[in-house]
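File shown: run27.pdb. Contents: PDB, C-alpha atoms, pLDDT in the B column.
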ATOM      1  CA  MET A 283      -3.645 -17.046 -10.826  1.00 40.00           C
ATOM      2  CA  GLY A 284      -2.148 -15.048  -7.969  1.00 44.00           C
ATOM      3  CA  GLY A 285      -2.181 -11.426  -7.011  1.00 47.00           C
ATOM      4  CA  SER A 286      -2.900  -9.656  -3.748  1.00 51.00           C
ATOM      5  CA  ASN A 287      -6.678 -10.008  -4.052  1.00 53.00           C
ATOM      6  CA  TYR A 288      -6.728 -13.610  -5.291  1.00 52.00           C
ATOM      7  CA  GLN A 289      -9.050 -15.850  -3.291  1.00 55.00           C
ATOM      8  CA  SER A 290      -9.271 -19.570  -3.939  1.00 57.00           C
ATOM      9  CA  THR A 291     -12.504 -21.498  -3.638  1.00 66.00           C
ATOM     10  CA  ARG A 292     -11.142 -23.044  -0.420  1.00 68.00           C
ATOM     11  CA  SER A 293     -10.176 -19.700   1.058  1.00 79.00           C
ATOM     12  CA  PRO A 294     -13.163 -19.281   3.441  1.00 82.00           C
ATOM     13  CA  LYS A 295     -12.571 -22.737   4.951  1.00 86.00           C
ATOM     14  CA  GLN A 296      -8.838 -22.116   5.243  1.00 89.00           C
ATOM     15  CA  ILE A 297      -9.368 -18.680   6.835  1.00 89.00           C
ATOM     16  CA  GLY A 298     -11.795 -20.281   9.306  1.00 91.00           C
ATOM     17  CA  ASP A 299      -9.246 -22.970  10.164  1.00 93.00           C
ATOM     18  CA  PHE A 300      -6.606 -20.248  10.650  1.00 94.00           C
ATOM     19  CA  GLY A 301      -8.914 -18.404  13.074  1.00 95.00           C
ATOM     20  CA  GLU A 302      -9.467 -21.557  15.111  1.00 96.00           C
ATOM     21  CA  LYS A 303      -5.728 -22.199  15.301  1.00 97.00           C
ATOM     22  CA  LEU A 304      -5.063 -18.590  16.303  1.00 96.00           C
ATOM     23  CA  VAL A 305      -7.637 -18.747  19.117  1.00 97.00           C
ATOM     24  CA  ASN A 306      -6.111 -22.088  20.136  1.00 97.00           C
ATOM     25  CA  TYR A 307      -2.720 -20.334  20.324  1.00 96.00           C
ATOM     26  CA  VAL A 308      -4.133 -17.442  22.403  1.00 96.00           C
ATOM     27  CA  LEU A 309      -5.713 -19.863  24.866  1.00 97.00           C
ATOM     28  CA  ILE A 310      -2.539 -21.951  25.160  1.00 97.00           C
ATOM     29  CA  ARG A 311      -0.535 -18.779  25.862  1.00 96.00           C
ATOM     30  CA  LYS A 312      -2.991 -18.037  28.693  1.00 95.00           C
ATOM     31  CA  GLY A 313      -2.439 -21.507  30.195  1.00 96.00           C
ATOM     32  CA  HIS A 314      -5.415 -23.431  28.815  1.00 97.00           C
ATOM     33  CA  GLU A 315      -5.285 -27.055  27.740  1.00 98.00           C
ATOM     34  CA  VAL A 316      -7.067 -27.019  24.370  1.00 97.00           C
ATOM     35  CA  THR A 317      -8.615 -29.664  22.125  1.00 96.00           C
ATOM     36  CA  ASN A 318     -10.592 -29.458  18.904  1.00 94.00           C
ATOM     37  CA  ALA A 319     -14.334 -29.965  19.367  1.00 93.00           C
ATOM     38  CA  ASP A 320     -15.474 -29.797  15.734  1.00 82.00           C
ATOM     39  CA  HIS A 321     -19.095 -30.068  16.815  1.00 88.00           C
ATOM     40  CA  VAL A 322     -22.176 -28.010  15.967  1.00 91.00           C
ATOM     41  CA  GLY A 323     -21.897 -25.060  18.317  1.00 93.00           C
ATOM     42  CA  ALA A 324     -18.255 -25.362  19.360  1.00 97.00           C
ATOM     43  CA  ASP A 325     -14.917 -25.472  17.591  1.00 97.00           C
ATOM     44  CA  LEU A 326     -12.612 -25.810  20.608  1.00 98.00           C
ATOM     45  CA  ASN A 327     -12.787 -27.093  24.172  1.00 98.00           C
ATOM     46  CA  SER A 328     -10.405 -26.016  26.882  1.00 98.00           C
ATOM     47  CA  ILE A 329      -9.671 -26.471  30.561  1.00 98.00           C
ATOM     48  CA  PHE A 330      -8.205 -23.708  32.705  1.00 97.00           C
ATOM     49  CA  GLU A 331      -8.043 -23.631  36.509  1.00 96.00           C
ATOM     50  CA  ASP A 332     -10.504 -26.552  36.791  1.00 95.00           C
ATOM     51  CA  LYS A 333     -13.078 -24.826  34.556  1.00 97.00           C
ATOM     52  CA  ARG A 334     -14.190 -26.330  31.254  1.00 98.00           C
ATOM     53  CA  TYR A 335     -14.879 -24.074  28.261  1.00 98.00           C
ATOM     54  CA  ALA A 336     -16.551 -24.547  24.885  1.00 98.00           C
ATOM     55  CA  ILE A 337     -15.447 -21.974  22.328  1.00 98.00           C
ATOM     56  CA  SER A 338     -17.160 -21.076  19.077  1.00 97.00           C
ATOM     57  CA  VAL A 339     -14.812 -19.303  16.652  1.00 97.00           C
ATOM     58  CA  LYS A 340     -15.807 -17.074  13.743  1.00 96.00           C
ATOM     59  CA  THR A 341     -13.205 -15.566  11.408  1.00 94.00           C
ATOM     60  CA  ARG A 342     -13.622 -12.811   8.849  1.00 90.00           C
ATOM     61  CA  ASN A 343     -11.336 -11.101   6.321  1.00 87.00           C
ATOM     62  CA  PHE A 344     -11.690  -7.388   5.645  1.00 82.00           C
ATOM     63  CA  TRP A 345     -10.088  -5.292   2.927  1.00 77.00           C
ATOM     64  CA  LYS A 346      -9.703  -1.521   3.076  1.00 73.00           C
ATOM     65  CA  GLY A 347     -12.178   0.174   0.773  1.00 73.00           C
ATOM     66  CA  THR A 348     -14.663  -2.693   0.583  1.00 73.00           C
ATOM     67  CA  PRO A 349     -18.332  -1.905   1.223  1.00 72.00           C
ATOM     68  CA  GLU A 350     -18.436  -4.186   4.281  1.00 74.00           C
ATOM     69  CA  SER A 351     -18.893  -2.410   7.590  1.00 80.00           C
ATOM     70  CA  LYS A 352     -16.423  -2.947  10.405  1.00 85.00           C
ATOM     71  CA  MET A 353     -18.924  -5.000  12.314  1.00 89.00           C
ATOM     72  CA  TYR A 354     -19.507  -8.652  12.933  1.00 91.00           C
ATOM     73  CA  THR A 355     -22.885 -10.024  14.025  1.00 94.00           C
ATOM     74  CA  ILE A 356     -22.827 -12.845  16.515  1.00 96.00           C
ATOM     75  CA  THR A 357     -26.079 -14.478  15.492  1.00 96.00           C
ATOM     76  CA  ASP A 358     -28.768 -15.721  17.827  1.00 96.00           C
ATOM     77  CA  LYS A 359     -28.519 -19.068  15.998  1.00 96.00           C
ATOM     78  CA  ASP A 360     -24.768 -19.357  16.692  1.00 96.00           C
ATOM     79  CA  LEU A 361     -25.307 -18.483  20.355  1.00 96.00           C
ATOM     80  CA  GLU A 362     -28.102 -21.047  20.651  1.00 97.00           C
ATOM     81  CA  HIS A 363     -25.917 -23.798  19.123  1.00 97.00           C
ATOM     82  CA  LEU A 364     -23.087 -22.921  21.527  1.00 97.00           C
ATOM     83  CA  LYS A 365     -25.463 -22.840  24.511  1.00 97.00           C
ATOM     84  CA  ASN A 366     -26.929 -26.250  23.615  1.00 97.00           C
ATOM     85  CA  TYR A 367     -23.481 -27.811  23.233  1.00 97.00           C
ATOM     86  CA  SER A 368     -22.209 -26.249  26.459  1.00 97.00           C
ATOM     87  CA  GLU A 369     -25.205 -27.358  28.497  1.00 97.00           C
ATOM     88  CA  LYS A 370     -25.058 -30.890  27.095  1.00 95.00           C
ATOM     89  CA  PHE A 371     -21.398 -31.334  28.094  1.00 95.00           C
ATOM     90  CA  ASN A 372     -21.309 -28.970  31.106  1.00 97.00           C
ATOM     91  CA  PHE A 373     -19.011 -26.293  29.636  1.00 98.00           C
ATOM     92  CA  ILE A 374     -18.801 -22.531  30.125  1.00 98.00           C
ATOM     93  CA  SER A 375     -19.537 -20.894  26.744  1.00 98.00           C
ATOM     94  CA  LEU A 376     -17.070 -18.523  25.079  1.00 98.00           C
ATOM     95  CA  PHE A 377     -17.428 -16.874  21.700  1.00 97.00           C
ATOM     96  CA  ALA A 378     -14.316 -15.832  19.763  1.00 97.00           C
ATOM     97  CA  VAL A 379     -14.257 -13.498  16.763  1.00 97.00           C
ATOM     98  CA  VAL A 380     -11.088 -13.225  14.653  1.00 96.00           C
ATOM     99  CA  ILE A 381     -10.841 -10.239  12.314  1.00 93.00           C
ATOM    100  CA  CYS A 382      -8.095 -10.236   9.650  1.00 90.00           C
ATOM    101  CA  TYR A 383      -7.411  -6.882   8.019  1.00 82.00           C
ATOM    102  CA  GLU A 384      -5.645  -8.118   4.910  1.00 74.00           C
ATOM    103  CA  ASP A 385      -4.196  -4.871   3.618  1.00 70.00           C
ATOM    104  CA  ILE A 386      -3.332  -3.020   6.827  1.00 73.00           C
ATOM    105  CA  ASN A 387      -1.580  -5.920   8.537  1.00 82.00           C
ATOM    106  CA  LYS A 388      -3.749  -6.253  11.639  1.00 88.00           C
ATOM    107  CA  ILE A 389      -5.416  -9.249  13.206  1.00 93.00           C
ATOM    108  CA  TYR A 390      -7.812  -8.862  16.130  1.00 93.00           C
ATOM    109  CA  VAL A 391      -9.022 -11.670  18.400  1.00 95.00           C
ATOM    110  CA  PHE A 392     -11.979 -10.985  20.678  1.00 96.00           C
ATOM    111  CA  ILE A 393     -13.028 -13.644  23.200  1.00 97.00           C
ATOM    112  CA  LEU A 394     -16.267 -13.020  25.066  1.00 96.00           C
ATOM    113  CA  PRO A 395     -18.258 -15.029  27.615  1.00 97.00           C
ATOM    114  CA  ALA A 396     -21.452 -15.976  25.791  1.00 97.00           C
ATOM    115  CA  ASP A 397     -23.643 -15.244  28.815  1.00 96.00           C
ATOM    116  CA  LYS A 398     -22.381 -11.626  28.901  1.00 96.00           C
ATOM    117  CA  ILE A 399     -22.800 -10.824  25.198  1.00 96.00           C
ATOM    118  CA  GLY A 400     -26.264  -9.307  25.692  1.00 94.00           C
ATOM    119  CA  GLY A 401     -24.873  -6.831  28.220  1.00 94.00           C
ATOM    120  CA  ILE A 402     -21.741  -6.007  26.201  1.00 93.00           C
ATOM    121  CA  LEU A 403     -22.866  -5.711  22.579  1.00 95.00           C
ATOM    122  CA  ASP A 404     -25.743  -3.941  20.861  1.00 93.00           C
ATOM    123  CA  LYS A 405     -28.719  -6.053  19.865  1.00 95.00           C
ATOM    124  CA  SER A 406     -29.288  -6.266  16.119  1.00 91.00           C
ATOM    125  CA  LEU A 407     -31.996  -7.897  14.047  1.00 91.00           C
ATOM    126  CA  HIS A 408     -30.440 -11.388  14.098  1.00 91.00           C
ATOM    127  CA  GLY A 409     -28.041 -11.243  17.038  1.00 95.00           C
ATOM    128  CA  TYR A 410     -25.484  -8.926  18.607  1.00 97.00           C
ATOM    129  CA  SER A 411     -23.166  -6.506  16.805  1.00 94.00           C
ATOM    130  CA  LEU A 412     -19.454  -6.420  17.531  1.00 94.00           C
ATOM    131  CA  ASN A 413     -18.399  -3.056  16.085  1.00 92.00           C
ATOM    132  CA  PHE A 414     -14.621  -2.936  15.650  1.00 88.00           C
ATOM    133  CA  SER A 415     -14.294   0.327  13.722  1.00 85.00           C
ATOM    134  CA  ASP A 416     -11.430   2.613  14.732  1.00 83.00           C
ATOM    135  CA  ARG A 417     -13.671   4.711  16.976  1.00 86.00           C
ATOM    136  CA  HIS A 418     -15.132   1.654  18.773  1.00 91.00           C
ATOM    137  CA  ILE A 419     -12.029  -0.498  19.205  1.00 89.00           C
ATOM    138  CA  GLN A 420     -10.814   1.198  22.412  1.00 92.00           C
ATOM    139  CA  LYS A 421     -14.182   0.603  24.085  1.00 92.00           C
ATOM    140  CA  LEU A 422     -13.886  -3.103  23.238  1.00 93.00           C
ATOM    141  CA  LYS A 423     -10.280  -3.248  24.482  1.00 92.00           C
ATOM    142  CA  ASP A 424     -11.285  -1.621  27.777  1.00 93.00           C
ATOM    143  CA  ASN A 425     -14.287  -3.859  28.450  1.00 95.00           C
ATOM    144  CA  LYS A 426     -13.535  -6.094  31.438  1.00 95.00           C
ATOM    145  CA  PHE A 427     -15.396  -9.027  29.888  1.00 96.00           C
ATOM    146  CA  ILE A 428     -13.668  -8.979  26.499  1.00 96.00           C
ATOM    147  CA  ASP A 429     -10.302 -10.652  26.121  1.00 96.00           C
ATOM    148  CA  PHE A 430      -8.547  -8.756  23.316  1.00 95.00           C
ATOM    149  CA  SER A 431      -5.411  -9.920  21.526  1.00 94.00           C
ATOM    150  CA  TYR A 432      -3.960  -8.461  18.363  1.00 92.00           C
ATOM    151  CA  TRP A 433      -1.112  -8.619  15.908  1.00 91.00           C
ATOM    152  CA  GLU A 434      -0.081  -5.831  13.613  1.00 87.00           C
ATOM    153  CA  ASN A 435       2.516  -5.064  10.994  1.00 80.00           C
ATOM    154  CA  GLU A 436       3.294  -8.683  10.282  1.00 69.00           C
ATOM    155  CA  THR A 437       5.080  -9.204   7.026  1.00 68.00           C
ATOM    156  CA  ILE A 438       4.271 -11.914   4.520  1.00 64.00           C
ATOM    157  CA  GLY A 439       7.069 -12.473   2.028  1.00 69.00           C
ATOM    158  CA  ASN A 440       6.542 -11.901  -1.664  1.00 68.00           C
ATOM    159  CA  LYS A 441       9.017 -14.411  -3.111  1.00 70.00           C
ATOM    160  CA  ILE A 442       8.283 -17.940  -4.179  1.00 68.00           C
ATOM    161  CA  LEU A 443      10.873 -20.249  -2.652  1.00 60.00           C
TER     162      LEU A 443
END
Please express what this file holds, its structure, as structure tokens.
Amino acid sequence: MGGSNYQSTRSPKQIGDFGEKLVNYVLIRKGHEVTNADHVGADLNSIFEDKRYAISVKTRNFWKGTPESKMYTITDKDLEHLKNYSEKFNFISLFAVVICYEDINKIYVFILPADKIGGILDKSLHGYSLNFSDRHIQKLKDNKFIDFSYWENETIGNKIL
């Protein structure tokens, strides 16, 4: 039933919820007041220095040696949903991507202004590609429009209490 690669049928939902909570934490640490939006297009709303933000959060797990590339596509559809929500409620749009590297103990959080994504990321067939491979990560960290937070070498216990 267990094991290091075990994934329950609820795992994708739970990982997504974790990503939202982690972005919530990052924003709170930066001084934002944050609420859950749970609406098509936005997962979180926040206020910081009299500005109102709508944040869409996407979370992905990656395992070393899997065939998945170290890239996440922010789809045109996701951006359109976020834009529609933000315009309807007069928010500034932010897009957050949470990457969990399960077996190398790293978690990355990228927060980007949605209106800058086209100038920051490469256009792909269905959206914009956020390439977080080892050789691209420094470029993302150094970009003045990308807020980058990360955790590494966290330890998850292996005993049942």
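Between CA of Lys423 (chain A) and CA of Val308 (chain A) there is a distance of 15.6 Å.
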Answer key for the PyMOL selection byres ((chain A and resi 368) around 12), residues as a count of residues only: 33
Test item: the PyMOL selection byres ((chain A and resi 387) around 8) resolved as a VMD selection string: chain A and resid 382 to 386 388 to 389 433 to 437
Two-atom distance - CA of Tyr354 (chain A), CA of Gly313 (chain A) (Å):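 Value for the CA of Tyr354 (chain A)-CA of Gly313 (chain A) distance: 27.5 Å.
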Residue nearest Ser351 (chain A) among A:Gln420, A:Thr317, A:Ser411, A:Asn425 (counting only C-alpha atoms): A:Ser411
Point-to-point distance in Å for CA of Lys426 (chain A) and CA of Leu309 (chain A): 17.1 Å
Nearest to Pro294 (chain A) by atom-to-atom distance, counting only C-alpha atoms, from A:Asn343, A:Asn413, A:Thr348, A:Ser406: A:Asn343
Residue contacts of Glu302 (chain A) (8 Å, all atoms listed in the file) excluding same-chain residues fewer than 2 positions away, as a list in words: Gly298, Asp299, Phe300, Leu304, Val305, Asn306, Asp325, Leu326, Val339, Lys340 and Thr341 of chain A
From A:Leu422, A:Arg417, A:Arg311, A:Lys441, residue lying nearest Leu394 (chain A) [all atoms listed in the file]: A:Leu422
Spatial sel., origin (-7.7, -13.0, 24.1), limit 7 Å, all atoms listed in the file, listed as a ChimeraX atom specification: /A:308,391-393,429-431
Pick from A:Asp358, A:Glu315, A:Asp332, A:Glu350, whichever lies nearest to Ser415 (chain A) using all atoms listed in the file: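 For Ser415 (chain A), the nearest of the candidates is A:Glu350.
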Draw an axis-aligned box over all listed atoms of region 383-386 of chain A, pad each side with 4 Å, and write its centre and edge lengths in Å, one decimal, as JSON.
{"center_x": -5.4, "center_y": -5.6, "center_z": 5.8, "size_x": 12.1, "size_y": 13.1, "size_z": 12.4}
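Here the PyMOL selection byres ((chain A and resi 356) around 6) matches the residues A:Thr355, A:Thr357, A:Gly409, A:Tyr410.
Nearest to Phe427 (chain A) of all the residues A:Arg342, A:Gly400, A:Lys405, A:Ile329 is A:Gly400, based on only C-alpha atoms.
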Residue nearest Gly301 (chain A) - candidates A:Leu403, A:Ile428, A:Ile419, A:Ala378, atoms counted: only C-alpha atoms: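 Using only C-alpha atoms, Gly301 (chain A) sits closest to A:Ala378.
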With N, CA and C atoms as the target, complete region 386-408 of chain A and hand it back as an mmCIF file, in the coordinates of the input.
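selection_17.cif written:
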data_model
loop_
_atom_site.group_PDB
_atom_site.id
_atom_site.type_symbol
_atom_site.label_atom_id
_atom_site.label_comp_id
_atom_site.auth_asym_id
_atom_site.auth_seq_id
_atom_site.Cartn_x
_atom_site.Cartn_y
_atom_site.Cartn_z
ATOM 1 N N ILE A 386 -3.962 -3.925 5.868
ATOM 2 C CA ILE A 386 -3.332 -3.020 6.827
ATOM 3 C C ILE A 386 -2.589 -3.795 7.917
ATOM 4 N N ASN A 387 -2.407 -5.077 7.673
ATOM 5 C CA ASN A 387 -1.580 -5.920 8.537
ATOM 6 C C ASN A 387 -1.988 -5.899 10.010
ATOM 7 N N LYS A 388 -3.267 -6.137 10.264
ATOM 8 C CA LYS A 388 -3.749 -6.253 11.639
ATOM 9 C C LYS A 388 -4.636 -7.484 11.743
ATOM 10 N N ILE A 389 -4.524 -8.150 12.874
ATOM 11 C CA ILE A 389 -5.416 -9.249 13.206
ATOM 12 C C ILE A 389 -5.891 -9.013 14.633
ATOM 13 N N TYR A 390 -7.209 -9.023 14.812
ATOM 14 C CA TYR A 390 -7.812 -8.862 16.130
ATOM 15 C C TYR A 390 -8.448 -10.182 16.541
ATOM 16 N N VAL A 391 -8.320 -10.514 17.833
ATOM 17 C CA VAL A 391 -9.022 -11.670 18.400
ATOM 18 C C VAL A 391 -9.790 -11.170 19.620
ATOM 19 N N PHE A 392 -11.104 -11.329 19.568
ATOM 20 C CA PHE A 392 -11.979 -10.985 20.678
ATOM 21 C C PHE A 392 -12.547 -12.278 21.243
ATOM 22 N N ILE A 393 -12.430 -12.482 22.553
ATOM 23 C CA ILE A 393 -13.028 -13.644 23.200
ATOM 24 C C ILE A 393 -13.966 -13.123 24.284
ATOM 25 N N LEU A 394 -15.233 -13.524 24.176
ATOM 26 C CA LEU A 394 -16.267 -13.020 25.066
ATOM 27 C C LEU A 394 -17.008 -14.169 25.735
ATOM 28 N N PRO A 395 -17.387 -14.019 27.013
ATOM 29 C CA PRO A 395 -18.258 -15.029 27.615
ATOM 30 C C PRO A 395 -19.643 -14.908 26.987
ATOM 31 N N ALA A 396 -20.177 -16.003 26.512
ATOM 32 C CA ALA A 396 -21.452 -15.976 25.791
ATOM 33 C C ALA A 396 -22.584 -15.424 26.657
ATOM 34 N N ASP A 397 -22.557 -15.707 27.959
ATOM 35 C CA ASP A 397 -23.643 -15.244 28.815
ATOM 36 C C ASP A 397 -23.584 -13.742 29.100
ATOM 37 N N LYS A 398 -22.519 -13.080 28.695
ATOM 38 C CA LYS A 398 -22.381 -11.626 28.901
ATOM 39 C C LYS A 398 -22.605 -10.838 27.617
ATOM 40 N N ILE A 399 -22.721 -11.512 26.488
ATOM 41 C CA ILE A 399 -22.800 -10.824 25.198
ATOM 42 C C ILE A 399 -23.956 -9.827 25.157
ATOM 43 N N GLY A 400 -25.112 -10.202 25.692
ATOM 44 C CA GLY A 400 -26.264 -9.307 25.692
ATOM 45 C C GLY A 400 -26.031 -8.017 26.448
ATOM 46 N N GLY A 401 -25.175 -8.034 27.451
ATOM 47 C CA GLY A 401 -24.873 -6.831 28.220
ATOM 48 C C GLY A 401 -23.694 -6.040 27.672
ATOM 49 N N ILE A 402 -22.940 -6.646 26.746
ATOM 50 C CA ILE A 402 -21.741 -6.007 26.201
ATOM 51 C C ILE A 402 -22.013 -5.385 24.839
ATOM 52 N N LEU A 403 -22.695 -6.134 23.970
ATOM 53 C CA LEU A 403 -22.866 -5.711 22.579
ATOM 54 C C LEU A 403 -24.281 -5.222 22.317
ATOM 55 N N ASP A 404 -24.430 -4.449 21.258
ATOM 56 C CA ASP A 404 -25.743 -3.941 20.861
ATOM 57 C C ASP A 404 -26.538 -5.029 20.172
ATOM 58 N N LYS A 405 -27.821 -5.087 20.503
ATOM 59 C CA LYS A 405 -28.719 -6.053 19.865
ATOM 60 C C LYS A 405 -29.006 -5.599 18.442
ATOM 61 N N SER A 406 -28.945 -6.538 17.510
ATOM 62 C CA SER A 406 -29.288 -6.266 16.119
ATOM 63 C C SER A 406 -30.447 -7.177 15.736
ATOM 64 N N LEU A 407 -30.843 -7.126 14.505
ATOM 65 C CA LEU A 407 -31.996 -7.897 14.047
ATOM 66 C C LEU A 407 -31.831 -9.400 14.286
ATOM 67 N N HIS A 408 -30.641 -9.937 14.013
ATOM 68 C CA HIS A 408 -30.440 -11.388 14.098
ATOM 69 C C HIS A 408 -29.421 -11.800 15.154
#
